[in-house]
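Asks: There's a structure below that I have some questions on.
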Amino acid sequence: MSKQLQDAYIVAATRTPIGKAPRGMFRNVRPDDLLVRAIQSAVAQVPGLDPALIEDAIIGCSFPEAEQGLNMARMAVLLAGLPRSVGGVTVNRYCASGLTAIAMAADRIRVGEADVMIAGGAESMSMVPMMGHHPSMNMGIFKDENVGMAYGMGLTAENVAKQWKVSREAQDQFALESHLKAIAAQQSGERADEMTSVEIVEKFPNLANGQVDIVTRTVSDDEGPRADTSLEALARLKPVFAAKGSVTAGNSSQTSDGAGALILVSEKILRQFNLTPLARFVSFAVRGVPPEIMGIGPKEAIPAALRAGGLSQDQIDWFELNEAFAAQALAVMNDLGMDPAKVNPLGGAIALGHPLGATGAIRAATTIHAMRRRNLKYGMVTMCVGTGMGAAGIFERL
C-alpha cells in the first residue's frame, strides 16, 4: 500500500569559512574537526530541539580516507557531543556528495522513516589530495569506450569549452566577476548569517626557551576571494591542461577545505517544538552524461529537478551553480538560457573555493539564507560531477 510523502523542512543551515588548499588557513585543521564545528553550530541554532531525536547524520565526502576516513560522519557525531543513539554514514558522489546527503536525509523524512536528520559534507584538500593518497584505477577505464573516465577534470573542461564554443575571454571575464561578487559580499557582510566561525589553534617551537608557543585565532570569512584580480592578470595565466587550451588556474575552482551542516525535520517536529523552518526541501535529481564532458551535467539535472518539483526554470530566483570551471558553468548557462543575474550572485567556487564533498552543503546554506535575506521563493543548488554526472536540488523559502 502506497502512502503520501510528507514534507522535509530545513531548520538550521550553516557552514564554515572556506580555506585555500594546500597552504591556507585550514592546512593543519582536520576535516572532521571542521565538521564537528558545523554540526555543533547547526544544533545550537535549534535550541528547543531535543538532540536525542536525531536519527542519523548523512555526510558527504569525495575522498573518504585518512583524516576524513573511518566513517567520518559517525566520528563527528560523537566528537560533537551528540547522544550516542545518533547514527552516522558517509556518502560519496564526488562534487555532489554534500547535496546528495541532503537529499538522502530529506527522503528518510519524506517517507516517514525519520523525523530529525543531520546532513552535510566535509573535505580537506590540504590533507587528502585530489584522487586520494593511493589511487588505484580499474584498467578497464582505459578501453576506448570508457576512456572518458580516465580524463582529468581540466581536460573535460577543455572538451566542453571546445564543443560549446566558450572562449578564453569569456571564461576570464566570468572568473573576474566571481571574485568581484565575492569581495562585494564580504565587504557588505551579507554572508554572515550562513557562516560559523572556526577557532584555529597553532603550535610553534620557540627555540629561544625550548617551549611550544600556542597561538589561537578565529576565522569567520572565506580565504579565496582576491580583490587584486583583473582581466589583465587572468589573461597572463597559461593553460594548465592542454597546450593550446583555454582553461587556467584563474578560471577554474580553487582547491579548498571546509564543511557544512543542515538539520532537517518533519512537520510533526515543527509543531511539537514550535520551530520556524528556514526552507522546505522540494526535489532532487541526478543525471549521467558522457564522462569526457562531465562539466555539462547540470544541463540534464536542472530540468529533471524542475520536473520533479513541478516548477519551471523561470520560477527559480537563485541558482548556486558550482563553478568547477568557468567553461562548464558558461556552457550550462548558455545552453539552458539561464539569467546570469540569478546565478551565483555572491560569487562562486572560482573565488570562494570548492571543497569537493562539502560544496553541496555549503552552497545549500548559501541558497537558503540568501532567499530569506532577499525575500525570494525558490533556490537551486546544482553542480557537475566527476565521471560524468550532474546533480540539482531545489529549496523553497517559507
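As shown in the C-alpha cells, the chain order sets the letters A, B, ...; within each chain, residues go from 1, and ligands are also counted from 1 in the order they appear.
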What parts of region 151-235 of chain A does DSSP call strand (DSSP E)? I'd like the answer as a PyMOL selection string.
Replies: chain A and resi 198-206+211-219
Asks: If we count only C-alpha atoms, what is near Leu352 (chain A) at a cut-off of 10 Å, once residues fewer than 4 positions away on the same chain are taken out, given as a ChimeraX atom specification?
Replies: /A:17-20,178-179,182-183,221-226,253-256,323,346-348
Asks: Please dump the current selection as a PDB file, in the first residue's frame; keep C-alpha atoms.
Replies:
```
ATOM      1  CA  PRO A  17      34.556  29.558   6.067  1.00  0.00           C
ATOM      2  CA  ILE A  18      36.390  28.014   3.132  1.00  0.00           C
ATOM      3  CA  GLY A  19      40.178  27.819   3.344  1.00  0.00           C
ATOM      4  CA  LYS A  20      42.615  27.609   0.450  1.00  0.00           C
ATOM      5  CA  SER A 178      33.078  35.661  -9.457  1.00  0.00           C
ATOM      6  CA  HIS A 179      35.803  37.410  -7.456  1.00  0.00           C
ATOM      7  CA  ALA A 182      32.527  37.519  -3.601  1.00  0.00           C
ATOM      8  CA  ILE A 183      34.523  40.562  -2.472  1.00  0.00           C
ATOM      9  CA  ASP A 221      35.272  34.537   6.355  1.00  0.00           C
ATOM     10  CA  ASP A 222      36.393  32.799   3.190  1.00  0.00           C
ATOM     11  CA  GLU A 223      40.047  32.937   2.257  1.00  0.00           C
ATOM     12  CA  GLY A 224      39.812  32.651  -1.522  1.00  0.00           C
ATOM     13  CA  PRO A 225      38.356  35.883  -2.953  1.00  0.00           C
ATOM     14  CA  ARG A 226      41.015  38.216  -4.349  1.00  0.00           C
ATOM     15  CA  SER A 253      37.688  26.454  -8.980  1.00  0.00           C
ATOM     16  CA  GLN A 254      40.169  26.637  -6.130  1.00  0.00           C
ATOM     17  CA  THR A 255      41.164  23.540  -4.186  1.00  0.00           C
ATOM     18  CA  SER A 256      39.835  24.107  -0.699  1.00  0.00           C
ATOM     19  CA  GLU A 323      31.845  26.873 -10.728  1.00  0.00           C
ATOM     20  CA  LEU A 346      27.598  36.343  -4.214  1.00  0.00           C
ATOM     21  CA  GLY A 347      30.362  34.691  -6.207  1.00  0.00           C
ATOM     22  CA  GLY A 348      31.103  31.037  -6.798  1.00  0.00           C
TER      23      GLY A 348
END
```
Asks: Can you list, as a ChimeraX atom specification, every protein, DNA or RNA residue that comes within 9 Å of Ser41 (chain A) when you count only C-alpha atoms, leaving out same-chain residues fewer than 2 positions away?
Replies: /A:12-15,36-39,43-45,196,261
Asks: Quick one: residues within 8 Å of Thr248 (chain A), only C-alpha atoms counted, chain neighbours fewer than 4 positions away excluded, as a PDB file with C-alpha atoms, in the first residue's frame?
Replies:
```pdb
ATOM      1  CA  LEU A 237      47.951  32.830 -16.921  1.00  0.00           C
ATOM      2  CA  LYS A 238      48.902  29.888 -19.112  1.00  0.00           C
ATOM      3  CA  PRO A 239      46.581  26.955 -19.815  1.00  0.00           C
ATOM      4  CA  VAL A 240      47.325  24.094 -17.435  1.00  0.00           C
ATOM      5  CA  PHE A 241      45.512  21.131 -19.006  1.00  0.00           C
ATOM      6  CA  SER A 252      38.955  27.114 -12.503  1.00  0.00           C
TER       7      SER A 252
END
```
Asks: Region 88-168 of chain A near region 391-397 of chain A within 10 Å: what's each residue's closest atom pair and its distance in Å to one decimal, counting only C-alpha atoms, ordered by chain then ascending residue number, as a tab-separated table?
Replies:
```
residue	atom	partner	partner_atom	distance
A:Arg93	CA	A:Ala391	CA	9.5
A:Cys95	CA	A:Ala391	CA	9.1
A:Ala96	CA	A:Ala391	CA	6.4
A:Ser97	CA	A:Ala391	CA	9.6
A:Leu99	CA	A:Gly393	CA	7.1
A:Thr100	CA	A:Ala391	CA	8.1
A:Ile102	CA	A:Gly393	CA	8.9
A:Ala103	CA	A:Gly393	CA	7.6
```
Asks: What gap, in Å, lies between CA of Gly388 (chain A) and CA of Glu320 (chain A)?
Replies: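 Atom-to-atom, CA of Gly388 (chain A) to CA of Glu320 (chain A), that is 19.2 Å.
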Asks: Have a look at A:Arg217, A:Leu398, A:Arg372, A:Ile10 and name the one nearest to Asp193 (chain A); count only C-alpha atoms.
Replies: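 Ranking A:Arg217, A:Leu398, A:Arg372, A:Ile10 by distance to Asp193 (chain A), first place goes to A:Arg372.
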Asks: To one decimal place in Å, what is the distance between CA of Leu5 (chain A) and CA of Arg280 (chain A)?
Replies: 13.3 Å
Asks: Could you give me, as a PyMOL selection string, the residues within 9 Å of Glu300 (chain A), counting only C-alpha atoms and dropping anything in the same chain fewer than 6 positions from it?
Replies: chain A and resi 286-289+389-391
Asks: Atoms to include: N, CA and C atoms. Write the selected residues as a CSV table (one decimal), in the first residue's frame.
Replies:
```
chain,number,residue,atom,x,y,z
A,286,VAL,N,19.5,13.6,-10.3
A,286,VAL,CA,20.9,13.4,-10.8
A,286,VAL,C,20.8,12.7,-12.1
A,287,ARG,N,21.6,13.1,-13.1
A,287,ARG,CA,21.6,12.5,-14.4
A,287,ARG,C,23.0,12.3,-14.9
A,288,GLY,N,23.2,11.3,-15.7
A,288,GLY,CA,24.5,11.0,-16.2
A,288,GLY,C,24.7,11.6,-17.6
A,289,VAL,N,26.0,12.0,-17.9
A,289,VAL,CA,26.4,12.5,-19.2
A,289,VAL,C,27.7,11.8,-19.6
A,389,MET,N,28.4,13.2,-14.4
A,389,MET,CA,27.0,13.3,-13.8
A,389,MET,C,26.7,14.8,-13.6
A,390,GLY,N,25.5,15.1,-13.4
A,390,GLY,CA,25.0,16.4,-12.9
A,390,GLY,C,24.0,16.2,-11.8
A,391,ALA,N,24.0,17.0,-10.8
A,391,ALA,CA,23.0,16.9,-9.7
A,391,ALA,C,22.4,18.3,-9.5
```
Asks: Near Leu78 (chain A), counting only C-alpha atoms, which residues have an atom at most 12 Å away, once you skip same-chain residues fewer than 6 positions from it, shown as a list in words?
Replies: Asp32, Asp33, Leu35, Val36, Ile39, Gln40, Asp56, Ala57, Asn71, Met72, Arg84, Ser85, Val86, Gly87 and Gly88 of chain A
Asks: Go ahead and save the picked residues with N, CA and C atoms, as a PDB file, in the first residue's frame.
Replies:
```pdb
ATOM      1  N   ASP A  32      37.389  16.440   9.944  1.00  0.00           N
ATOM      2  CA  ASP A  32      36.349  16.007  10.889  1.00  0.00           C
ATOM      3  C   ASP A  32      36.151  17.047  11.992  1.00  0.00           C
ATOM      4  N   ASP A  33      37.198  17.803  12.324  1.00  0.00           N
ATOM      5  CA  ASP A  33      37.033  18.884  13.294  1.00  0.00           C
ATOM      6  C   ASP A  33      36.223  20.037  12.703  1.00  0.00           C
ATOM      7  N   LEU A  35      33.919  19.620  10.510  1.00  0.00           N
ATOM      8  CA  LEU A  35      32.558  19.086  10.502  1.00  0.00           C
ATOM      9  C   LEU A  35      31.937  19.138  11.893  1.00  0.00           C
ATOM     10  N   VAL A  36      32.707  18.804  12.903  1.00  0.00           N
ATOM     11  CA  VAL A  36      32.216  18.890  14.286  1.00  0.00           C
ATOM     12  C   VAL A  36      31.754  20.309  14.582  1.00  0.00           C
ATOM     13  N   ILE A  39      28.430  20.968  12.777  1.00  0.00           N
ATOM     14  CA  ILE A  39      27.319  20.244  13.395  1.00  0.00           C
ATOM     15  C   ILE A  39      26.917  20.900  14.710  1.00  0.00           C
ATOM     16  N   GLN A  40      27.901  21.211  15.541  1.00  0.00           N
ATOM     17  CA  GLN A  40      27.594  21.849  16.825  1.00  0.00           C
ATOM     18  C   GLN A  40      26.873  23.176  16.622  1.00  0.00           C
ATOM     19  N   ASP A  56      19.895  10.186  12.468  1.00  0.00           N
ATOM     20  CA  ASP A  56      21.091   9.811  11.722  1.00  0.00           C
ATOM     21  C   ASP A  56      21.749  11.072  11.188  1.00  0.00           C
ATOM     22  N   ALA A  57      23.025  10.960  10.866  1.00  0.00           N
ATOM     23  CA  ALA A  57      23.767  12.028  10.194  1.00  0.00           C
ATOM     24  C   ALA A  57      24.314  11.457   8.892  1.00  0.00           C
ATOM     25  N   ASN A  71      34.550   6.296   8.495  1.00  0.00           N
ATOM     26  CA  ASN A  71      33.175   6.780   8.611  1.00  0.00           C
ATOM     27  C   ASN A  71      33.147   8.094   9.383  1.00  0.00           C
ATOM     28  N   MET A  72      33.654   9.130   8.744  1.00  0.00           N
ATOM     29  CA  MET A  72      33.777  10.444   9.363  1.00  0.00           C
ATOM     30  C   MET A  72      32.460  10.935   9.956  1.00  0.00           C
ATOM     31  N   ARG A  84      24.766   9.165  21.864  1.00  0.00           N
ATOM     32  CA  ARG A  84      25.320   8.010  21.162  1.00  0.00           C
ATOM     33  C   ARG A  84      24.290   7.293  20.313  1.00  0.00           C
ATOM     34  N   SER A  85      23.026   7.608  20.520  1.00  0.00           N
ATOM     35  CA  SER A  85      21.969   6.993  19.724  1.00  0.00           C
ATOM     36  C   SER A  85      21.915   7.538  18.304  1.00  0.00           C
ATOM     37  N   VAL A  86      22.601   8.666  18.059  1.00  0.00           N
ATOM     38  CA  VAL A  86      22.595   9.266  16.728  1.00  0.00           C
ATOM     39  C   VAL A  86      23.553   8.509  15.818  1.00  0.00           C
ATOM     40  N   GLY A  87      23.059   8.029  14.690  1.00  0.00           N
ATOM     41  CA  GLY A  87      23.907   7.284  13.758  1.00  0.00           C
ATOM     42  C   GLY A  87      24.720   8.200  12.872  1.00  0.00           C
ATOM     43  N   GLY A  88      25.456   7.595  11.957  1.00  0.00           N
ATOM     44  CA  GLY A  88      26.249   8.384  11.020  1.00  0.00           C
ATOM     45  C   GLY A  88      26.692   7.536   9.846  1.00  0.00           C
TER      46      GLY A  88
END
```
Asks: I need the helix (DSSP H, G or I) residues of region 74-279 of chain A per DSSP on the backbone, written as a PyMOL selection string.
Replies: chain A and resi 74-79+94-110+139-142+147-150+153-163+168-188+192-194+231-236+267-273
Asks: Considering only C-alpha atoms, can you say which of A:Val381, A:Ala305, A:Ser220, A:Gln272 comes closest to Gln186 (chain A)?
Replies: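 That would be A:Ser220, the residue with the smallest distance to Gln186 (chain A).
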Asks: So that I can see what lies close to region 324-337 of chain A, please list as a list of chain:residue names the residues with an atom at most 6 Å from it, counting only C-alpha atoms and leaving out residues fewer than 4 positions away in the same chain.
Replies: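 So the residues in contact are A:Ala161, A:Trp164, A:Gln171, A:Asn251, A:Ser252, A:Ser253, A:Gly295, A:Ile296, A:Lys299.
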Asks: I need the residues from that last selection saved to file as a PDB file, in the first residue's frame (with N, CA and C atoms), if you can.
Replies:
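What landed in out-v7.pdb:
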```pdb
ATOM      1  N   ALA A 161      34.610  23.475 -23.344  1.00  0.00           N
ATOM      2  CA  ALA A 161      34.893  24.791 -23.926  1.00  0.00           C
ATOM      3  C   ALA A 161      34.923  24.720 -25.446  1.00  0.00           C
ATOM      4  N   TRP A 164      31.181  23.625 -26.820  1.00  0.00           N
ATOM      5  CA  TRP A 164      30.164  24.658 -26.627  1.00  0.00           C
ATOM      6  C   TRP A 164      30.671  26.054 -26.996  1.00  0.00           C
ATOM      7  N   GLN A 171      35.659  33.072 -20.391  1.00  0.00           N
ATOM      8  CA  GLN A 171      35.993  32.368 -19.149  1.00  0.00           C
ATOM      9  C   GLN A 171      36.671  33.301 -18.154  1.00  0.00           C
ATOM     10  N   ASN A 251      40.634  30.563 -14.091  1.00  0.00           N
ATOM     11  CA  ASN A 251      39.217  30.396 -14.418  1.00  0.00           C
ATOM     12  C   ASN A 251      38.702  29.004 -14.056  1.00  0.00           C
ATOM     13  N   SER A 252      39.376  28.397 -13.072  1.00  0.00           N
ATOM     14  CA  SER A 252      38.955  27.114 -12.503  1.00  0.00           C
ATOM     15  C   SER A 252      38.685  27.303 -11.012  1.00  0.00           C
ATOM     16  N   SER A 253      37.947  26.386 -10.422  1.00  0.00           N
ATOM     17  CA  SER A 253      37.688  26.454  -8.980  1.00  0.00           C
ATOM     18  C   SER A 253      38.962  26.222  -8.200  1.00  0.00           C
ATOM     19  N   GLY A 295      31.394  18.262 -17.264  1.00  0.00           N
ATOM     20  CA  GLY A 295      31.004  19.579 -16.787  1.00  0.00           C
ATOM     21  C   GLY A 295      29.627  20.029 -17.227  1.00  0.00           C
ATOM     22  N   ILE A 296      29.094  19.412 -18.258  1.00  0.00           N
ATOM     23  CA  ILE A 296      27.787  19.807 -18.767  1.00  0.00           C
ATOM     24  C   ILE A 296      26.661  19.137 -17.982  1.00  0.00           C
ATOM     25  N   LYS A 299      23.171  20.609 -17.072  1.00  0.00           N
ATOM     26  CA  LYS A 299      22.226  20.836 -18.173  1.00  0.00           C
ATOM     27  C   LYS A 299      21.133  19.776 -18.191  1.00  0.00           C
TER      28      LYS A 299
END
```
Asks: In Å, rounded to a single decimal, give me how far CA of Ala175 (chain A) is from CA of Ile350 (chain A).
Replies: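 Rounded to one decimal, the two atoms are 6.2 Å apart.
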Asks: Give the answer as one residue: which of A:Gly112, A:Pro135, A:Gly189, A:Gly360 has the shortest atom-to-atom distance to Asp7 (chain A), using only C-alpha atoms?
Replies: A:Gly112
Asks: Nearest to Thr229 (chain A) among A:Gln173, A:Thr367, A:Gln68, A:Asn206, with distances taken over only C-alpha atoms: which residue is it?
Replies: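 Going through A:Gln173, A:Thr367, A:Gln68, A:Asn206 one by one, the smallest distance to Thr229 (chain A) is for A:Gln173.
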